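Novice: Below are the structure tokens for one structure; questions will follow.
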Amino acid sequence: MSHPLVAVTDSVDATRALAGALAELARPGDLLLLVGDLGAGKTAFTQGFGAGLGIDDQITSPTFALVQGYTGRLDLNHLDVYRLEQINEALDLGLSELLDDGSVTVIEWGDTISSALPRDYLEVRITFGEDPDDRRIELNPVGSQWQARVRAMSVAVTEWVAPC
Ligand SMILES: Nc1ncnc2c1ncn2[C@@H]1O[C@H](COP(=O)(O)OP(=O)(O)OP(=O)(O)O)[C@@H](O)[C@H]1O
Ligand SMILES: [Mg+2]
């Protein structure tokens with residue numbers, strides 16, 4: 001892992017906007033692993049990311065099906081593997097078909113199954129800040145696919161990158 005990029009948002013809309021800006025860089029086959037505690041904003045990030053992919057449908061937590069699919073400029077597969085059954089289901093699925101279908105795949109709690117995934121993804125790590133609406137969003141490109149986009153990513157999220 002190299003070049004983590006750290007951004008800060010102070011509202012759910014800002015997190016959605018940041019995610020939407022990142023979606024401009026998305027390509028078919030991309031994988032994003034969202035890491036962060038309950039209520040950190042993983043689903044909110046996915047909503048903004050989906051909007052940036054041109055998805056009009058409302059993106060919600062994938063509660064009943066393991067994978068929720070959405071159609072946009074690029075299609076989105078949205079997974080949440082918080083529960084053990086979901087982890088097992090995801091592992092049973094193999095996930096390779098999903099990752100090869102030309103969509104972009106976003107997995108909430110994705111770090112729990114990262115050992116079963118290709119080492120080429122963007123890890124988005126969301127942590128709570130000082131104020132209730134503050135979030136720290138760390139972008140860790142793992143593997144060449146996203147490492148090659150580090151500069152473009154930093155331009156995309158420049159509005160939310162805290163001055164050093
Ligand atoms: N800066 C922010 N970014 C994202 N969400 C925020 C922010 N400030 C406040 N919130 C609120 O935090 C909550 C985030 O909920 P969300 O469902 O996106 O979290 P999650 O990480 O997906 O949780 P879960 O682990 O339950 O799936 C929402 O209620 C949202 O309005
Ligand atoms: Mg969620």
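Identifiers for the structure tokens are assigned positionally: chains receive A, B, ... in sequence, residues are indexed from 1 per chain, and ligands are indexed from 1 in the order shown.
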Please check which protein, DNA or RNA residues sit within 7 Å of ligand 2, counting only C-alpha atoms and all ligand atoms, and write them as a list in words.

Specialist: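 So the residues close to ligand 2 are Gly39, Gly41, Lys42, Thr43, Ser61, Asp80 and Glu108 of chain A.
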
Novice: Can you pull out the residues contacting Ala21 (chain A)? Cut-off 7 Å, using only C-alpha atoms, and skip same-chain residues under 2 positions away; I want them as a list in words.

Specialist: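 So, after excluding close chain neighbours, the residues are Ala17, Leu18, Ala19, Ala23, Glu24, Gly52, Ala156 and Val157 of chain A.
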
Novice: Keeping only all heavy atoms, write those residues as a short mmCIF file (atom, residue, chain, number, x, y, z; two decimals), in the first residue's frame.

Specialist:
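Everything below was put into again.cif:
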```cif
data_model
loop_
_atom_site.label_atom_id
_atom_site.label_comp_id
_atom_site.auth_asym_id
_atom_site.auth_seq_id
_atom_site.Cartn_x
_atom_site.Cartn_y
_atom_site.Cartn_z
N ALA A 17 -20.50 14.05 -2.43
CA ALA A 17 -19.88 14.82 -3.52
C ALA A 17 -18.46 14.32 -3.79
O ALA A 17 -18.06 14.16 -4.95
CB ALA A 17 -19.88 16.31 -3.17
N LEU A 18 -17.73 14.05 -2.73
CA LEU A 18 -16.36 13.52 -2.89
C LEU A 18 -16.40 12.18 -3.64
O LEU A 18 -15.63 11.95 -4.58
CB LEU A 18 -15.72 13.36 -1.50
CG LEU A 18 -14.34 12.70 -1.42
CD1 LEU A 18 -13.57 13.25 -0.24
CD2 LEU A 18 -14.41 11.19 -1.32
N ALA A 19 -17.32 11.33 -3.23
CA ALA A 19 -17.43 10.02 -3.88
C ALA A 19 -17.83 10.18 -5.34
O ALA A 19 -17.32 9.45 -6.21
CB ALA A 19 -18.46 9.17 -3.13
N ALA A 23 -15.91 8.94 -8.75
CA ALA A 23 -16.56 8.07 -9.74
C ALA A 23 -16.21 8.47 -11.17
O ALA A 23 -16.27 7.65 -12.08
CB ALA A 23 -18.07 8.09 -9.53
N GLU A 24 -15.83 9.74 -11.35
CA GLU A 24 -15.41 10.20 -12.68
C GLU A 24 -14.20 9.41 -13.18
O GLU A 24 -13.94 9.33 -14.37
CB GLU A 24 -15.04 11.69 -12.64
CG GLU A 24 -16.16 12.61 -12.21
CD GLU A 24 -17.29 12.67 -13.24
OE1 GLU A 24 -16.99 12.55 -14.43
OE2 GLU A 24 -18.46 12.80 -12.82
N GLY A 52 -22.37 9.56 -9.30
CA GLY A 52 -21.28 9.92 -10.21
C GLY A 52 -21.15 8.96 -11.38
O GLY A 52 -20.59 9.31 -12.42
N ALA A 156 -9.15 15.16 -8.11
CA ALA A 156 -10.61 15.01 -7.97
C ALA A 156 -11.10 15.40 -6.58
O ALA A 156 -12.19 15.95 -6.44
CB ALA A 156 -11.01 13.57 -8.30
N VAL A 157 -10.30 15.10 -5.57
CA VAL A 157 -10.77 15.34 -4.18
C VAL A 157 -10.10 16.56 -3.54
O VAL A 157 -10.24 16.77 -2.34
CB VAL A 157 -10.58 14.09 -3.28
CG1 VAL A 157 -11.28 12.88 -3.87
CG2 VAL A 157 -9.11 13.80 -3.01
#
```

Novice: When DSSP is applied to the backbone of this structure, which of region 8-123 of chain A are assigned strand (DSSP E or B)? Write them out as a VMD selection string.

Specialist: chain A and resid 8 to 9 31 to 35 67 to 70 76 to 80 104 to 108 121 to 123

Novice: Figure out the distance between CA of Arg151 (chain A) and atom 19 (O, counted along the ligand's line) of ligand 1, please, to one decimal in Å.

Specialist: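 These two atoms are separated by 27.3 Å.
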
Novice: What does the list of residues within 7 Å of ligand 1 look like if you count only C-alpha atoms and all ligand atoms, written as a list in words?

Specialist: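 The neighbouring residues of ligand 1 are, in order, Thr9, Asp10, Ser11, Val12, Asp13, Ala14, Thr15, Gly36, Asp37, Leu38, Gly39, Ala40, Gly41, Lys42, Thr43, Ala44, Phe45, Ser61, Glu108, Pro132, Asp133, Asp134 and Arg135 of chain A.
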
Novice: Give me, as a PyMOL selection string, the residues of chain A that a backbone DSSP run labels alpha helix (DSSP H).

Specialist: chain A and resi 12-23+42-52+84-93+96-99+144-147+150-156

Novice: Quick one: distance from CA of Asp56 (chain A) to CA of Gly20 (chain A) in Å, one decimal?

Specialist: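 Separation of CA of Asp56 (chain A) and CA of Gly20 (chain A): 12.8 Å.
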